Amino acid sequence: MIDYKNELNKGQYEAVVRTDTPLLVLAGAGTGKTRVITYRIAYLINEIGIDPERILAVTFTNKAAEEMKHRLRSLVGTAAGSVWMGTFHSISLRILRRDGQTVGLKPGFGVIDQDDRMSLFREVIKTLRIDHKKYPPKQYMNKISWFKNTPQYVEGQIPDAGAFHRVDEVFREYQKRLDEQFLIDFDDMLSLTIRMFEASEEVRQYYSAMFEHILVDEYQDTNAIQFMFLRLLAGRSGRICVVGDDDQSIYGWRGADIRNILEFDKHFSDVEVVKLTENYRSTADIIARANTLIKNNAMRRGKELTAHLETEGALEHLSLLNETSEADFVTKTIARYAEEGISYGDMAVLYRTNAQSRNFEVNLNKTGIPYKVVGGTAFYQRREIKDLLSYLRFFDNSFDSVSFSRSLTTPSRGIGTTTIDKIREFASKNAVSLTEAVKQMFSAFGRGQQEAFRQYITTLDHLASFTKVSDMVNAVIERTGYKEYVLANESEEEAKKRIENIFELYNAAVAFEETSPEGTLTDFLASTSLSSSTDETAGDRVSLMTIHSAKGLEFDTVFLTGLENGLFPLYGSIDEPELMEEERRLCYVGITRAKRNLYVTCAESRIIYGNRTVSARSYFLEEMGFEKAKAVLAPSSRQFSDRFQNYSRRPSRTQNKEPLAPSKAGRKVRHEKFGEGVVINTTGEGAAEKAEVFFKNAGGLKKIVTAFLTFVDE
DNA sequence: ATCAGAGGTGTTTTT
DNA sequence: CACCTCTGAT
């Protein structure tokens with residue numbers, strides 16, 4: 001039995017039991033948002049008697065869904081498993097799998113992942129003979145992705161020809177190719193679902209009636225069509241409860257519309273609003289900084305956090321000489337806390353851009369502190385994984401030409417792009433599957449290629465004899481000789497890593513079978529396209545991540561780094577009030593991740609795109625009430641200052657050519673392995689500088705990074 | 001068909 | 001700087 005009154009504070013209780021009208025819960029950071037959602041679901045099931053299958057709970061990430069399920073299980077037991085819980089995308093996908101035929105989807109349609117989608121755009125740009133230098137494929141991808149998230153697109157419009165160079169043609173061609181291959185992309189999941197709801201009142205009614213209660217987490221980061229989705233299901237006065245914090249809206253760049261939360265009461269009728277402002281996570285002084293910072297924003301509903309924990313631990317701001325000393329400081333402090341008994345998993349280093357992770361990695365590596373970079377290349381994006389999955393993808397969908405060509409060419413078997421293009425063309429012209437095309441063209445291939453195709457097709461046919469996904473994965477690993485291929489082509493170290501990942505893929509398939517016993521290969525593949533790197537769990541390691549990735553997380557000790565104008569706030573935001581507010585919210589999110597210790601650092605200079613760049617302290621430091629900090633490792637930058645540029649706007653390329661290093665040609669050098677030699681010439685500069693050296697006793701001419709050479713005095 | 005090297009380019013954040 | 005694509009040589 002759950003004692004709702006005692007286990008929740010007044011506001012939380014109110015948010016849990018108001019189940020009869022649209023409800024907006026404005027939940028500040030650390031005010032027990034997840035608690036409210038899980039208790040509310042428990043309340044709906046246990047006290048109101050709602051069937052768990054009739055509850056829809058939307059989360060921001062897959063990981064958040066998992067965690068919520070986990071917590072819900074401890075409240076309501078196995079019923080937790082029946083609740084519809086997931087991201088907008090995963091829920092839409094589930095709906096489309098069931099009813100997608102109504103909008104013309106083929107039952108076994110596949111999902112194209114980010115990378116393959118990019119390659120598809122590249123191909124399209126090429127066939128349309130658009131100059132990819134002037135008009136990069138990536139821009140088309142972004143624009144079209146953006147467009148697919150607008151209500152206009154959902155209503156059936158296509159991009160306006162005038163909007164961007166030939167964007168309408170690119171859109172048509174891209175969409176045509178997706179359709180031909182029976183694939184949908186990320187954005188289609190939502191837009192097709194909404195189209196389906198709008199096209200078929202019967203289908204809409206079905207789901208609308210099915211979901212008696214809808215809960216949405218992180219509502220401040222929903223976009224226009226996610227709102228449409230909710231409105232179609234909930235109606236104007238439906239049973240919907242959204243939880244969010246306008247001060248933590250940080251995805252405006254992705255189309256999230258902060259008005260969704262600011263104007264919630266306009267969109268729904270008889271809205272109740274509950275504000276949660278009691279913070280149970282952070283100490284009082286951390287909360288104080290967060291409050292003074294966010295006050296500088298104009299676009300907000302307005303609320304102030306009240307701290308429940310007394311001040312203890314550290315709250316410091318440090319100004320470091322450069323990125324290396326910043327990393328040094330962070331590493332040493334982590335080591336100190338570790339000695340004091342704080343576990344690594346309780347510490348996090350946060351930064352604005354992924355590129356900043358490198359310095360921390362280097363330093364932590366040196367010290368042997370275990371860490372985990374959250375948000376690097378996702379597991380399913382790794383080359384070896386994509387290579388192996390491409391066999392399964394093509395096996396699963398014999399129209400998927402991207403996977404066809406990938407699987408056919410790795411490991412290489414004497415069939416290249418020319419041949420593949422011919423097959424594709426044939427398949428497209430005659431509207432047959434690629435396998436069918438190969439069969440019909442078979443006699444036209446040379447003997448070697450025929451043999452290669454025979455082997456390839458046997459491998460695929462072999463897959464048909466399995467029912468379990470893990471067996472298929474295993475068969476691909478064994479039959480393609482992929483491990484041998486890796487061993488032959490990569491360094492020992494690299495090969496080891498890749499092979500480990502390959503085993504991990506098998507494990508993932510086994511895990512998939514456990515969690516979804518009914519799951520098909522199609523489902524498994526779709527789950528791989530949906531999963532992101534932030535979904536992977538950390539273990540007892542220090543977390544390195546962007547502030548965006550840190551959303552929703554908390555740590556005992558947090559390092560908020562790189563507080564410099566141009567970096568955070570990022571250049572380009574500084575002159576745009578709205579963007580500046582989003583940067584400030586991002587900073588607010590960063591601060592409020594910390595429970596006990598918070599270190600806010602900046603560096604006086606750092607290397608950006610290869611140039612050492614001086615930057616001014618972030619505006620946010622003053623806004624947080626950090627006076628100019630004593631410089632740690634006093635700067636001695638004056639002597640270099642003429643080489644520095646100010647980093648408040650994007651560095652330009654032309655101004656910053658460093659003078660070429662004086663020629664080292666002709667000088668005698670020594671290399672640890674190759675012994676003495678003479679420099680012939682050098683290329684590159686700085687750390688990338690290479691020298692062509694003639695070693696008389698070790699095989700003659702070699703190219704060596706100069707860092708590995710020492711001059712020999714004559 | 002494959003590879004190494006050169007050259008050009010982009011960089012915020014991600015479901 | 002690091003990545004990617006194109007190129008030309010093998």
# chains A, B, ... in the order shown; residues from 1 in each chain; ligands from 1
$ residues_around --residues "segment 3-5 of chain C" --least-positions-apart "2" --cutoff "12 Å" --atoms "only C-alpha atoms (C1' of nucleotides)" --output "number ranges by chain"
A: 122, 132-133; B: 6-11; C: 1, 7
$ residues_around --residues "Val349 of chain A" --least-positions-apart "5" --cutoff "12 Å" --atoms "only C-alpha atoms (C1' of nucleotides)" --output "PyMOL selection string"
chain A and resi 326-327+329-331+333-334+344+354+356-361+364+371-374+541-547+549-550+554-562+590-591+593-594+597-601
$ residues_around --residues "segment 1-5 of chain B" --least-positions-apart "4" --cutoff "12 Å" --atoms "only C-alpha atoms (C1' of nucleotides)" --output "list of chain:residue names"
A:Thr409, A:Ser412, A:Arg413, A:Gly414, A:Ile415, A:Gly416, A:Thr417, A:Thr418, A:Thr419, C:DC6, C:DT7, C:DG8, C:DA9, C:DT10
$ interface_residues --of "chain B" --to "chain A" --cutoff "8 Å" --atoms "only C-alpha atoms (C1' of nucleotides)" --output "MDAnalysis selection string"
chainID B and resid 1 12:13 15
$ write_last_selection --atoms "all heavy atoms" --output "compact mmCIF listing (two decimals), in the first residue's frame"
# COMPACT_ATOMS: atom_id res chain seq x y z
P DA B 1 35.19 -2.68 -59.47
OP1 DA B 1 34.20 -3.50 -58.78
OP2 DA B 1 35.02 -1.23 -59.36
O5' DA B 1 36.62 -3.05 -58.88
C5' DA B 1 36.82 -4.36 -58.40
C4' DA B 1 37.83 -4.32 -57.31
O4' DA B 1 39.01 -3.63 -57.79
C3' DA B 1 37.41 -3.57 -56.04
O3' DA B 1 37.96 -4.26 -54.93
C2' DA B 1 38.00 -2.18 -56.21
C1' DA B 1 39.28 -2.49 -56.99
N9 DA B 1 39.69 -1.43 -57.93
C8 DA B 1 38.91 -0.72 -58.78
N7 DA B 1 39.58 0.14 -59.51
C5 DA B 1 40.90 -0.03 -59.11
C6 DA B 1 42.10 0.58 -59.49
N6 DA B 1 42.18 1.52 -60.43
N1 DA B 1 43.23 0.16 -58.89
C2 DA B 1 43.16 -0.79 -57.96
N3 DA B 1 42.09 -1.44 -57.51
C4 DA B 1 40.98 -1.00 -58.14
P DT B 12 27.82 23.49 -35.50
OP1 DT B 12 28.78 22.48 -35.74
OP2 DT B 12 26.38 23.26 -35.78
O5' DT B 12 27.78 23.98 -33.96
C5' DT B 12 28.84 23.79 -33.19
C4' DT B 12 28.62 22.90 -32.02
O4' DT B 12 27.85 23.58 -31.04
C3' DT B 12 27.91 21.59 -32.23
O3' DT B 12 28.51 20.67 -31.34
C2' DT B 12 26.47 21.86 -31.88
C1' DT B 12 26.52 23.11 -31.01
N1 DT B 12 25.61 24.18 -31.48
C2 DT B 12 25.10 25.04 -30.55
O2 DT B 12 25.35 24.93 -29.36
N3 DT B 12 24.29 26.02 -31.05
C4 DT B 12 23.95 26.23 -32.36
O4 DT B 12 23.23 27.16 -32.66
C5 DT B 12 24.54 25.30 -33.30
C7 DT B 12 24.22 25.47 -34.72
C6 DT B 12 25.32 24.33 -32.81
P DT B 13 28.32 19.33 -31.01
OP1 DT B 13 29.44 18.85 -30.23
OP2 DT B 13 27.77 18.55 -32.13
O5' DT B 13 27.13 19.67 -30.03
C5' DT B 13 26.76 18.76 -29.05
C4' DT B 13 25.50 19.27 -28.39
O4' DT B 13 25.15 20.54 -28.94
C3' DT B 13 24.31 18.38 -28.73
O3' DT B 13 24.19 17.43 -27.70
C2' DT B 13 23.14 19.32 -28.71
C1' DT B 13 23.76 20.69 -28.82
N1 DT B 13 23.31 21.42 -30.03
C2 DT B 13 22.85 22.70 -29.84
O2 DT B 13 22.79 23.21 -28.75
N3 DT B 13 22.43 23.34 -30.98
C4 DT B 13 22.46 22.84 -32.26
O4 DT B 13 22.07 23.51 -33.19
C5 DT B 13 22.98 21.50 -32.38
C7 DT B 13 23.07 20.88 -33.72
C6 DT B 13 23.38 20.87 -31.28
P DT B 15 19.72 11.27 -28.30
OP1 DT B 15 20.01 11.09 -26.88
OP2 DT B 15 20.49 10.55 -29.31
O5' DT B 15 18.16 10.97 -28.53
C5' DT B 15 17.21 11.59 -27.69
C4' DT B 15 15.88 11.56 -28.39
O4' DT B 15 15.95 12.41 -29.55
C3' DT B 15 15.45 10.17 -28.90
O3' DT B 15 14.09 9.96 -28.55
C2' DT B 15 15.58 10.26 -30.40
C1' DT B 15 15.41 11.74 -30.66
N1 DT B 15 16.13 12.24 -31.85
C2 DT B 15 15.46 13.02 -32.75
O2 DT B 15 14.29 13.31 -32.61
N3 DT B 15 16.21 13.44 -33.81
C4 DT B 15 17.54 13.19 -34.05
O4 DT B 15 18.09 13.63 -35.02
C5 DT B 15 18.19 12.38 -33.06
C7 DT B 15 19.64 12.04 -33.22
C6 DT B 15 17.46 11.95 -32.03
$ closest_atom_pairs --of "chain A" --to "chain C" --cutoff "9 Å" --atoms "only C-alpha atoms (C1' of nucleotides)" --output "JSON lines"
{"residue": "A:Ile607", "atom": "CA", "partner": "C:DC1", "partner_atom": "C1'", "distance": 8.7}
{"residue": "A:Ile608", "atom": "CA", "partner": "C:DC1", "partner_atom": "C1'", "distance": 7.7}
{"residue": "A:Tyr609", "atom": "CA", "partner": "C:DC1", "partner_atom": "C1'", "distance": 5.0}
{"residue": "A:Gly610", "atom": "CA", "partner": "C:DC1", "partner_atom": "C1'", "distance": 4.8}
{"residue": "A:Asn611", "atom": "CA", "partner": "C:DC1", "partner_atom": "C1'", "distance": 8.5}
$ write_last_selection --atoms "N, CA and C atoms" --output "compact mmCIF listing (two decimals), in the first residue's frame"
# COMPACT_ATOMS: atom_id res chain seq x y z
N ILE A 607 42.80 26.07 -27.63
CA ILE A 607 43.00 25.87 -29.06
C ILE A 607 41.67 25.55 -29.71
N ILE A 608 41.30 26.37 -30.67
CA ILE A 608 40.05 26.15 -31.39
C ILE A 608 40.39 25.98 -32.87
N TYR A 609 39.97 24.89 -33.47
CA TYR A 609 40.30 24.60 -34.87
C TYR A 609 41.77 24.81 -35.15
N GLY A 610 42.58 24.44 -34.20
CA GLY A 610 44.02 24.49 -34.44
C GLY A 610 44.66 25.82 -34.13
N ASN A 611 43.86 26.81 -33.69
CA ASN A 611 44.46 28.10 -33.35
C ASN A 611 44.31 28.40 -31.86
$ select_by_dssp --residues "segment 159-389 of chain A" --states "strand (DSSP E)" --output "PyMOL selection string"
chain A and resi 183-184+213-216+240-244+272-276+278-283+306-309+315-322+347-351+371-373
$ residues_around --residues "segment 436-450 of chain A" --least-positions-apart "4" --cutoff "7 Å" --atoms "only C-alpha atoms (C1' of nucleotides)" --output "PDB file with N, CA and C atoms, in the first residue's frame"
ATOM      1  N   GLY A 414      35.540  -8.462 -54.306  1.00  0.00           N
ATOM      2  CA  GLY A 414      35.705  -8.269 -55.738  1.00  0.00           C
ATOM      3  C   GLY A 414      34.508  -7.681 -56.463  1.00  0.00           C
ATOM      4  N   ILE A 415      33.589  -7.134 -55.696  1.00  0.00           N
ATOM      5  CA  ILE A 415      32.463  -6.449 -56.333  1.00  0.00           C
ATOM      6  C   ILE A 415      32.468  -5.010 -55.841  1.00  0.00           C
ATOM      7  N   ILE A 423      23.316  -2.961 -60.738  1.00  0.00           N
ATOM      8  CA  ILE A 423      22.253  -3.791 -60.154  1.00  0.00           C
ATOM      9  C   ILE A 423      21.107  -2.914 -59.656  1.00  0.00           C
ATOM     10  N   PHE A 426      19.069  -1.612 -62.502  1.00  0.00           N
ATOM     11  CA  PHE A 426      18.236  -2.680 -63.028  1.00  0.00           C
ATOM     12  C   PHE A 426      17.020  -2.916 -62.127  1.00  0.00           C
ATOM     13  N   ALA A 427      17.285  -2.982 -60.833  1.00  0.00           N
ATOM     14  CA  ALA A 427      16.211  -3.253 -59.872  1.00  0.00           C
ATOM     15  C   ALA A 427      15.178  -2.148 -59.895  1.00  0.00           C
ATOM     16  N   VAL A 432      12.025  -4.628 -59.280  1.00  0.00           N
ATOM     17  CA  VAL A 432      12.202  -5.910 -58.603  1.00  0.00           C
ATOM     18  C   VAL A 432      13.148  -5.713 -57.431  1.00  0.00           C
ATOM     19  N   ARG A 454      27.442 -15.941 -55.452  1.00  0.00           N
ATOM     20  CA  ARG A 454      26.920 -17.227 -54.988  1.00  0.00           C
ATOM     21  C   ARG A 454      27.164 -17.355 -53.480  1.00  0.00           C
TER      22      ARG A 454
END
$ select_by_dssp --residues "segment 443-642 of chain A" --states "helix (DSSP H, G or I)" --output "ChimeraX atom specification"
/A:443-444,447-463,469-479,482-489,492-515,521-530,533-535,547-550,577-591,619-623,637-642
$ residues_around --residues "Arg40 of chain A" --least-positions-apart "3" --cutoff "7 Å" --atoms "only C-alpha atoms (C1' of nucleotides)" --output "ChimeraX atom specification"
/A:16-17,36-37,43-44
$ atom_distance --atom1 "atom CA of Ser516 of chain A" --atom2 "atom CA of Met189 of chain A"
20.6 Å
$ atom_distance --atom1 "atom CA of Ile41 of chain A" --atom2 "atom CA of Ser249 of chain A"
24.3 Å
$ atom_distance --atom1 "atom CA of Arg97 of chain A" --atom2 "atom CA of Phe399 of chain A"
18.1 Å
$ residues_around --residues "Leu93 of chain A" --least-positions-apart "3" --cutoff "12 Å" --atoms "only C-alpha atoms (C1' of nucleotides)" --output "PyMOL selection string"
chain A and resi 86-90+96-100+105+107-111+184-194+522-523+526-527+529-530
$ residues_around --residues "Gln152 of chain A" --least-positions-apart "2" --cutoff "12 Å" --atoms "only C-alpha atoms (C1' of nucleotides)" --output "list in words"
Trp146, Phe147, Lys148, Asn149, Thr150, Val154, Glu155, Gly156, Gln157, Ile158, Pro159, Asp160, Ser191, Ile194, Arg195, Ala224, Ile225 and Met228 of chain A
